[in-house]
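Colleague: Structure file structure.pdb (PDB, C-alpha atoms) is given on the next line.
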ATOM      1  CA  MET M 114     -24.650   3.860 -14.891
ATOM      2  CA  SER M 115     -23.022   0.847 -16.477
ATOM      3  CA  GLN M 116     -23.003   0.586 -20.244
ATOM      4  CA  GLN M 117     -23.481  -3.147 -20.344
ATOM      5  CA  SER M 118     -23.298  -5.534 -17.474
ATOM      6  CA  LEU M 119     -20.161  -7.644 -17.518
ATOM      7  CA  LEU M 120     -21.297  -9.683 -14.535
ATOM      8  CA  THR M 121     -24.369 -11.618 -13.517
ATOM      9  CA  SER M 122     -26.416 -10.580 -10.469
ATOM     10  CA  GLU M 123     -24.995 -13.554  -8.544
ATOM     11  CA  GLU M 124     -21.401 -12.549  -9.380
ATOM     12  CA  LYS M 125     -22.055  -8.983  -8.238
ATOM     13  CA  VAL M 126     -23.579 -10.178  -4.955
ATOM     14  CA  LEU M 127     -20.586 -12.461  -4.425
ATOM     15  CA  LEU M 128     -18.077  -9.633  -5.021
ATOM     16  CA  LEU M 129     -19.951  -7.224  -2.729
ATOM     17  CA  SER M 130     -20.078  -9.906  -0.023
ATOM     18  CA  LEU M 131     -16.351 -10.536  -0.480
ATOM     19  CA  ALA M 132     -15.639  -6.793  -0.177
ATOM     20  CA  ARG M 133     -17.857  -6.477   2.927
ATOM     21  CA  ASN M 134     -16.180  -9.460   4.628
ATOM     22  CA  THR M 135     -12.748  -8.103   3.705
ATOM     23  CA  LEU M 136     -13.581  -4.668   5.131
ATOM     24  CA  GLU M 137     -14.922  -6.121   8.380
ATOM     25  CA  THR M 138     -12.021  -8.549   8.830
ATOM     26  CA  TYR M 139      -9.301  -6.048   7.903
ATOM     27  CA  THR M 140     -10.546  -3.225  10.142
ATOM     28  CA  LYS M 141     -10.762  -5.634  13.109
ATOM     29  CA  THR M 142      -7.603  -7.709  12.603
ATOM     30  CA  GLY M 143      -5.322  -5.864  10.148
ATOM     31  CA  THR M 144      -5.284  -8.930   7.898
ATOM     32  CA  SER M 145      -7.503 -10.244   5.121
ATOM     33  CA  GLN M 146      -9.475 -13.443   5.317
ATOM     34  CA  LYS M 147      -8.065 -16.678   3.930
ATOM     35  CA  LEU M 148      -9.893 -17.765   0.797
ATOM     36  CA  ASP M 149      -8.105 -20.991  -0.091
ATOM     37  CA  HIS M 150     -11.217 -23.025   0.728
ATOM     38  CA  VAL M 151     -13.534 -21.053  -1.608
ATOM     39  CA  THR M 152     -11.299 -20.123  -4.537
ATOM     40  CA  ASP M 153     -12.096 -23.338  -6.402
ATOM     41  CA  LYS M 154     -15.836 -22.663  -6.081
ATOM     42  CA  LEU M 155     -15.722 -19.136  -7.519
ATOM     43  CA  PRO M 156     -17.286 -18.533 -10.944
ATOM     44  CA  LEU M 157     -14.726 -18.506 -13.749
ATOM     45  CA  ARG M 158     -15.333 -14.826 -14.607
ATOM     46  CA  LEU M 159     -14.263 -13.759 -11.100
ATOM     47  CA  LYS M 160     -10.910 -15.444 -11.721
ATOM     48  CA  GLU M 161     -10.360 -13.439 -14.931
ATOM     49  CA  LYS M 162      -8.300 -10.235 -14.905
ATOM     50  CA  TYR M 163     -10.121  -6.893 -14.965
ATOM     51  CA  GLY M 164      -9.378  -3.347 -13.903
ATOM     52  CA  VAL M 165     -11.430  -2.733 -10.763
ATOM     53  CA  PHE M 166     -12.059   0.057  -8.245
ATOM     54  CA  VAL M 167     -13.597  -0.186  -4.790
ATOM     55  CA  THR M 168     -15.288   2.948  -3.467
ATOM     56  CA  LEU M 169     -16.308   3.361   0.168
ATOM     57  CA  LYS M 170     -18.967   5.902   1.140
ATOM     58  CA  LYS M 171     -20.071   6.971   4.596
ATOM     59  CA  SER M 172     -23.448   8.737   4.800
ATOM     60  CA  GLY M 173     -23.252   9.201   1.021
ATOM     61  CA  GLU M 174     -19.872  10.961   1.194
ATOM     62  CA  LEU M 175     -16.640   9.565  -0.235
ATOM     63  CA  ARG M 176     -14.607   7.740   2.442
ATOM     64  CA  GLY M 177     -12.047   5.993   0.222
ATOM     65  CA  CYS M 178     -11.538   4.945  -3.403
ATOM     66  CA  ILE M 179      -8.624   3.007  -4.855
ATOM     67  CA  GLY M 180      -8.329   0.648  -7.761
ATOM     68  CA  HIS M 181      -6.438  -0.755 -10.707
ATOM     69  CA  ILE M 182      -7.142   0.850 -14.067
ATOM     70  CA  LEU M 183      -5.456  -1.956 -15.964
ATOM     71  CA  PRO M 184      -6.071  -5.641 -15.227
ATOM     72  CA  ARG M 185      -3.376  -6.784 -12.765
ATOM     73  CA  THR M 186      -4.864  -9.731 -10.970
ATOM     74  CA  SER M 187      -8.014 -11.815 -10.841
ATOM     75  CA  LEU M 188     -11.203  -9.821 -10.286
ATOM     76  CA  PHE M 189     -11.876 -11.351  -6.862
ATOM     77  CA  GLN M 190      -8.274 -10.670  -5.747
ATOM     78  CA  GLY M 191      -8.502  -7.090  -7.066
ATOM     79  CA  VAL M 192     -11.662  -6.537  -5.017
ATOM     80  CA  ILE M 193      -9.894  -7.794  -1.871
ATOM     81  CA  GLU M 194      -6.761  -5.664  -2.459
ATOM     82  CA  ASN M 195      -8.695  -2.518  -3.333
ATOM     83  CA  THR M 196     -11.113  -2.885  -0.420
ATOM     84  CA  ILE M 197      -8.111  -2.976   1.919
ATOM     85  CA  ASN M 198      -6.396  -0.099   0.099
ATOM     86  CA  SER M 199      -9.543   2.052   0.009
ATOM     87  CA  SER M 200     -10.041   1.558   3.733
ATOM     88  CA  SER M 201      -6.444   2.105   4.807
ATOM     89  CA  ASN M 202      -4.262   3.646   2.065
ATOM     90  CA  ASP M 203      -6.319   6.455   0.485
ATOM     91  CA  ARG M 204      -4.174   9.436   1.522
ATOM     92  CA  ARG M 205      -7.184  11.755   1.454
ATOM     93  CA  PHE M 206      -8.694  10.047   4.508
ATOM     94  CA  PRO M 207      -7.656   8.492   7.820
ATOM     95  CA  PRO M 208      -7.895   4.674   7.889
ATOM     96  CA  VAL M 209     -11.399   3.309   8.374
ATOM     97  CA  ASP M 210     -12.010   2.316  11.990
ATOM     98  CA  ALA M 211     -13.891  -0.907  12.816
ATOM     99  CA  LYS M 212     -16.577   1.221  14.539
ATOM    100  CA  GLU M 213     -17.337   2.949  11.204
ATOM    101  CA  VAL M 214     -17.825  -0.189   9.117
ATOM    102  CA  SER M 215     -21.580  -0.474   9.680
ATOM    103  CA  ASP M 216     -22.020   3.102   8.352
ATOM    104  CA  ILE M 217     -20.070   2.422   5.144
ATOM    105  CA  THR M 218     -21.521   1.293   1.820
ATOM    106  CA  ILE M 219     -19.361  -0.369  -0.803
ATOM    107  CA  GLU M 220     -19.411   0.309  -4.535
ATOM    108  CA  ILE M 221     -17.444  -1.758  -7.065
ATOM    109  CA  SER M 222     -16.567  -0.618 -10.593
ATOM    110  CA  VAL M 223     -15.351  -3.298 -13.017
ATOM    111  CA  LEU M 224     -13.638  -1.587 -15.953
ATOM    112  CA  SER M 225     -13.639  -2.309 -19.669
ATOM    113  CA  PRO M 226     -10.329  -2.162 -21.586
ATOM    114  CA  LEU M 227      -9.001   1.366 -22.241
ATOM    115  CA  GLU M 228      -9.593   3.047 -25.597
ATOM    116  CA  LYS M 229      -7.368   5.929 -26.711
ATOM    117  CA  ILE M 230      -9.278   8.878 -28.156
ATOM    118  CA  HIS M 231      -7.785  11.760 -30.125
ATOM    119  CA  ASP M 232     -10.285  14.475 -29.299
ATOM    120  CA  PRO M 233     -11.878  15.064 -25.880
ATOM    121  CA  VAL M 234     -15.214  15.660 -27.632
ATOM    122  CA  GLU M 235     -15.337  11.834 -27.959
ATOM    123  CA  PHE M 236     -15.602  11.593 -24.143
ATOM    124  CA  MET M 237     -19.273  11.049 -23.260
ATOM    125  CA  VAL M 238     -20.236  12.246 -19.763
ATOM    126  CA  GLY M 239     -22.344   9.644 -17.981
ATOM    127  CA  LYS M 240     -21.111   6.818 -20.211
ATOM    128  CA  ASP M 241     -17.315   6.953 -20.126
ATOM    129  CA  GLY M 242     -14.674   7.076 -17.467
ATOM    130  CA  ILE M 243     -11.656   9.090 -18.548
ATOM    131  CA  ILE M 244      -7.919   9.172 -18.018
ATOM    132  CA  ILE M 245      -5.709  12.081 -18.994
ATOM    133  CA  ARG M 246      -1.966  11.847 -19.284
ATOM    134  CA  LYS M 247       0.650  14.498 -20.042
ATOM    135  CA  GLY M 248       4.272  13.665 -19.341
ATOM    136  CA  PRO M 249       4.453  12.168 -15.843
ATOM    137  CA  ALA M 250       1.101  13.693 -14.807
ATOM    138  CA  SER M 251      -2.084  11.640 -15.019
ATOM    139  CA  ALA M 252      -5.490  11.332 -13.372
ATOM    140  CA  VAL M 253      -8.653   9.278 -13.722
ATOM    141  CA  PHE M 254     -12.363   9.715 -13.056
ATOM    142  CA  LEU M 255     -14.734   6.750 -13.064
ATOM    143  CA  PRO M 256     -17.861   7.181 -15.256
ATOM    144  CA  GLN M 257     -20.094   8.016 -12.293
ATOM    145  CA  VAL M 258     -17.949  10.904 -10.957
ATOM    146  CA  ALA M 259     -19.027  13.598 -13.440
ATOM    147  CA  VAL M 260     -22.694  12.643 -13.059
ATOM    148  CA  GLU M 261     -22.518  12.628  -9.243
ATOM    149  CA  GLN M 262     -20.876  16.069  -9.293
ATOM    150  CA  GLY M 263     -23.225  17.491 -11.941
ATOM    151  CA  TRP M 264     -20.330  18.331 -14.283
ATOM    152  CA  GLY M 265     -20.424  18.635 -18.065
ATOM    153  CA  ARG M 266     -17.547  17.576 -20.328
ATOM    154  CA  ALA M 267     -15.421  20.746 -20.031
ATOM    155  CA  GLU M 268     -15.874  21.012 -16.263
ATOM    156  CA  THR M 269     -14.972  17.322 -15.831
ATOM    157  CA  LEU M 270     -11.798  17.794 -17.877
ATOM    158  CA  CYS M 271     -10.844  20.911 -15.851
ATOM    159  CA  HIS M 272     -11.250  19.025 -12.556
ATOM    160  CA  LEU M 273      -9.321  16.073 -13.958
ATOM    161  CA  CYS M 274      -6.428  18.379 -14.908
ATOM    162  CA  GLN M 275      -6.414  19.813 -11.383
ATOM    163  CA  LYS M 276      -6.412  16.289  -9.937
ATOM    164  CA  ALA M 277      -3.337  15.532 -12.096
ATOM    165  CA  GLY M 278      -1.575  18.653 -10.759
ATOM    166  CA  LEU M 279      -1.905  20.514 -14.064
ATOM    167  CA  SER M 280      -3.547  23.836 -14.892
ATOM    168  CA  ARG M 281      -7.343  23.644 -15.293
ATOM    169  CA  ASP M 282      -7.129  24.187 -19.050
ATOM    170  CA  ALA M 283      -4.247  21.800 -19.721
ATOM    171  CA  TRP M 284      -6.680  19.455 -21.480
ATOM    172  CA  LYS M 285      -6.768  21.948 -24.379
ATOM    173  CA  GLU M 286      -2.979  21.826 -24.854
ATOM    174  CA  ASP M 287      -0.941  19.783 -27.314
ATOM    175  CA  GLY M 288       0.566  16.597 -25.957
ATOM    176  CA  MET M 289      -2.385  15.647 -23.747
ATOM    177  CA  GLU M 290      -3.418  11.994 -24.065
ATOM    178  CA  PHE M 291      -7.000  10.859 -23.445
ATOM    179  CA  TYR M 292      -8.250   7.345 -22.707
ATOM    180  CA  ILE M 293     -11.850   6.319 -22.097
ATOM    181  CA  PHE M 294     -13.472   3.218 -20.655
ATOM    182  CA  THR M 295     -16.847   2.046 -19.429
ATOM    183  CA  ALA M 296     -17.565   0.402 -16.109
ATOM    184  CA  ASP M 297     -20.021  -2.070 -14.675
ATOM    185  CA  VAL M 298     -20.844  -0.172 -11.458
ATOM    186  CA  PHE M 299     -22.797  -1.758  -8.623
ATOM    187  CA  HIS M 300     -23.115  -1.196  -4.882
ATOM    188  CA  GLU M 301     -24.681  -2.519  -1.763
ATOM    189  CA  GLY M 302     -28.407  -1.949  -1.816
ATOM    190  CA  ASP M 303     -28.669  -2.370  -5.617
ATOM    191  CA  ARG M 304     -31.265  -4.712  -6.981
ATOM    192  CA  THR M 305     -28.728  -6.190  -9.398
TER     193      THR M 305
END
Once you've parsed the file, please lay out its structure as structure tokens.

Modeller:
Amino acid sequence: MSQQSLLTSEEKVLLLSLARNTLETYTKTGTSQKLDHVTDKLPLRLKEKYGVFVTLKKSGELRGCIGHILPRTSLFQGVIENTINSSSNDRRFPPVDAKEVSDITIEISVLSPLEKIHDPVEFMVGKDGIIIRKGPASAVFLPQVAVEQGWGRAETLCHLCQKAGLSRDAWKEDGMEFYIFTADVFHEGDRT
């Protein structure tokens, strides 16, 4: 799904391991692990700032997904924060219980910088993630969402408008802003 890989296979494995350890530790103890002893050994790229989402799936179904669209913190710190948030602060789901952890797979999406587009026809399903914004309303879909749901461009934009609390056809109205991005998407079980 990713356009180009931002990360090496080793960096992806490291981030997935970090997310897995965070999920296990947080669901058992309510705190995250201390990383002071390993931070110095992390590859430089994992200390750089990127937008990042962590998606949790249980039996192939969404169980939690939270992230930062814009770079806010180092990539490794963003993975830790969003693993915790996806497991405990996604309002669509109850917090993940420690007994569920072995049934959950983790997917990480590392985002490219946002690019503003002026016509939704520039949004390429299967390649781009998309953000819409109109006044205070906004919503985002990662690049893989439309593909996983089997949606085309128009259907994706309709669902995105609904997610933002707007009418399904609001994407056709004046004043709508569109931003696209790509993502390096990888998950447990990948042969990265």

Colleague: Return as AutoDock Vina command-line options the box centre and box size in Å, one decimal, for an axis-aligned box around all listed atoms of segment 248-259 of chain M padded by 8 Å per side.

Modeller:
--center_x -7.8 --center_y 10.2 --center_z -15.1 --size_x 40.5 --size_y 22.9 --size_z 24.4

Colleague: Atom CA of Lys212 of chain M and atom CA of Glu124 of chain M are how many Å apart?

Modeller: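 Computing the Euclidean distance for atom CA of Lys212 of chain M and atom CA of Glu124 of chain M yields 28.0 Å.
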
Colleague: Find the spatial neighbours of segment 167-176 of chain M, counting all atoms listed in the file, within a cut-off of 8 Å - ignore same-chain residues fewer than 6 positions away - and output them as JSON, numbers by chain.

Modeller: {"M": [192, 195, 196, 199, 200, 206, 216, 217, 218, 219, 220, 221, 222]}

Colleague: Name all residues at most 9 Å from Arg158 of chain M (count all atoms listed in the file; drop same-chain ones fewer than 2 positions away) and give them as a ChimeraX atom specification.

Modeller: /M:120,124,155-156,160-162,187-188

Colleague: Have a look at M:Ala259, M:Gln190, M:Ala267, M:Lys240 and name the one nearest to Lys147 of chain M; count all atoms listed in the file.

Modeller: M:Gln190

Colleague: Kindly output segment 235-246 of chain M as an mmCIF file, in the frame of the given file, after building all heavy atoms.

Modeller:
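Result file follows (out10.cif):
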data_model
loop_
_atom_site.group_PDB
_atom_site.id
_atom_site.type_symbol
_atom_site.label_atom_id
_atom_site.label_comp_id
_atom_site.auth_asym_id
_atom_site.auth_seq_id
_atom_site.Cartn_x
_atom_site.Cartn_y
_atom_site.Cartn_z
ATOM 1 N N GLU M 235 -14.909 13.234 -27.903
ATOM 2 C CA GLU M 235 -15.337 11.834 -27.959
ATOM 3 C C GLU M 235 -15.701 11.290 -26.572
ATOM 4 O O GLU M 235 -16.322 10.242 -26.464
ATOM 5 C CB GLU M 235 -14.240 10.963 -28.581
ATOM 6 C CG GLU M 235 -13.919 11.300 -30.023
ATOM 7 C CD GLU M 235 -12.752 10.494 -30.533
ATOM 8 O OE1 GLU M 235 -12.856 9.245 -30.596
ATOM 9 O OE2 GLU M 235 -11.703 11.102 -30.862
ATOM 10 N N PHE M 236 -15.296 11.983 -25.515
ATOM 11 C CA PHE M 236 -15.602 11.593 -24.143
ATOM 12 C C PHE M 236 -17.067 11.918 -23.852
ATOM 13 O O PHE M 236 -17.491 13.050 -23.949
ATOM 14 C CB PHE M 236 -14.668 12.334 -23.173
ATOM 15 C CG PHE M 236 -15.130 12.374 -21.743
ATOM 16 C CD1 PHE M 236 -15.393 11.210 -21.036
ATOM 17 C CD2 PHE M 236 -15.288 13.585 -21.095
ATOM 18 C CE1 PHE M 236 -15.819 11.254 -19.715
ATOM 19 C CE2 PHE M 236 -15.708 13.648 -19.771
ATOM 20 C CZ PHE M 236 -15.978 12.477 -19.088
ATOM 21 N N MET M 237 -17.839 10.892 -23.506
ATOM 22 C CA MET M 237 -19.273 11.049 -23.260
ATOM 23 C C MET M 237 -19.548 11.010 -21.748
ATOM 24 O O MET M 237 -19.409 9.955 -21.121
ATOM 25 C CB MET M 237 -20.056 9.937 -23.952
ATOM 26 C CG MET M 237 -19.800 9.825 -25.454
ATOM 27 S SD MET M 237 -20.157 11.324 -26.377
ATOM 28 C CE MET M 237 -21.917 11.355 -26.218
ATOM 29 N N VAL M 238 -19.916 12.154 -21.190
ATOM 30 C CA VAL M 238 -20.236 12.246 -19.763
ATOM 31 C C VAL M 238 -21.412 11.319 -19.466
ATOM 32 O O VAL M 238 -22.391 11.278 -20.201
ATOM 33 C CB VAL M 238 -20.574 13.700 -19.376
ATOM 34 C CG1 VAL M 238 -21.077 13.771 -17.939
ATOM 35 C CG2 VAL M 238 -19.362 14.592 -19.558
ATOM 36 N N GLY M 239 -21.284 10.561 -18.383
ATOM 37 C CA GLY M 239 -22.344 9.644 -17.981
ATOM 38 C C GLY M 239 -22.191 8.257 -18.571
ATOM 39 O O GLY M 239 -22.817 7.315 -18.112
ATOM 40 N N LYS M 240 -21.361 8.119 -19.590
ATOM 41 C CA LYS M 240 -21.111 6.818 -20.211
ATOM 42 C C LYS M 240 -19.672 6.374 -19.963
ATOM 43 O O LYS M 240 -19.425 5.241 -19.588
ATOM 44 C CB LYS M 240 -21.375 6.898 -21.713
ATOM 45 C CG LYS M 240 -21.009 5.628 -22.472
ATOM 46 C CD LYS M 240 -21.203 5.816 -23.979
ATOM 47 C CE LYS M 240 -20.791 4.585 -24.740
ATOM 48 N NZ LYS M 240 -19.378 4.536 -25.067
ATOM 49 N N ASP M 241 -18.735 7.294 -20.177
ATOM 50 C CA ASP M 241 -17.315 6.953 -20.126
ATOM 51 C C ASP M 241 -16.640 7.413 -18.839
ATOM 52 O O ASP M 241 -16.946 8.489 -18.323
ATOM 53 C CB ASP M 241 -16.557 7.627 -21.288
ATOM 54 C CG ASP M 241 -17.055 7.223 -22.653
ATOM 55 O OD1 ASP M 241 -17.447 6.048 -22.812
ATOM 56 O OD2 ASP M 241 -17.054 8.077 -23.561
ATOM 57 N N GLY M 242 -15.681 6.606 -18.404
ATOM 58 C CA GLY M 242 -14.674 7.076 -17.467
ATOM 59 C C GLY M 242 -13.568 7.656 -18.323
ATOM 60 O O GLY M 242 -13.491 7.377 -19.526
ATOM 61 N N ILE M 243 -12.707 8.469 -17.743
ATOM 62 C CA ILE M 243 -11.656 9.090 -18.548
ATOM 63 C C ILE M 243 -10.349 9.186 -17.778
ATOM 64 O O ILE M 243 -10.341 9.401 -16.567
ATOM 65 C CB ILE M 243 -12.098 10.484 -19.067
ATOM 66 C CG1 ILE M 243 -11.051 11.048 -20.043
ATOM 67 C CG2 ILE M 243 -12.416 11.420 -17.913
ATOM 68 C CD1 ILE M 243 -11.557 12.141 -20.943
ATOM 69 N N ILE M 244 -9.278 9.006 -18.529
ATOM 70 C CA ILE M 244 -7.919 9.172 -18.018
ATOM 71 C C ILE M 244 -7.253 10.224 -18.882
ATOM 72 O O ILE M 244 -7.390 10.196 -20.112
ATOM 73 C CB ILE M 244 -7.111 7.864 -18.133
ATOM 74 C CG1 ILE M 244 -7.777 6.758 -17.326
ATOM 75 C CG2 ILE M 244 -5.663 8.072 -17.702
ATOM 76 C CD1 ILE M 244 -7.229 5.377 -17.617
ATOM 77 N N ILE M 245 -6.549 11.155 -18.243
ATOM 78 C CA ILE M 245 -5.709 12.081 -18.994
ATOM 79 C C ILE M 245 -4.266 11.814 -18.594
ATOM 80 O O ILE M 245 -3.984 11.384 -17.474
ATOM 81 C CB ILE M 245 -6.070 13.569 -18.747
ATOM 82 C CG1 ILE M 245 -5.953 13.914 -17.259
ATOM 83 C CG2 ILE M 245 -7.442 13.896 -19.299
ATOM 84 C CD1 ILE M 245 -5.902 15.395 -16.979
ATOM 85 N N ARG M 246 -3.377 12.067 -19.535
ATOM 86 C CA ARG M 246 -1.966 11.847 -19.284
ATOM 87 C C ARG M 246 -1.164 12.868 -20.079
ATOM 88 O O ARG M 246 -1.386 13.042 -21.280
ATOM 89 C CB ARG M 246 -1.587 10.427 -19.716
ATOM 90 C CG ARG M 246 -0.240 9.977 -19.242
ATOM 91 C CD ARG M 246 0.019 8.524 -19.563
ATOM 92 N NE ARG M 246 -0.866 7.675 -18.785
ATOM 93 C CZ ARG M 246 -1.332 6.504 -19.192
ATOM 94 N NH1 ARG M 246 -1.028 6.045 -20.382
ATOM 95 N NH2 ARG M 246 -2.097 5.787 -18.417
#
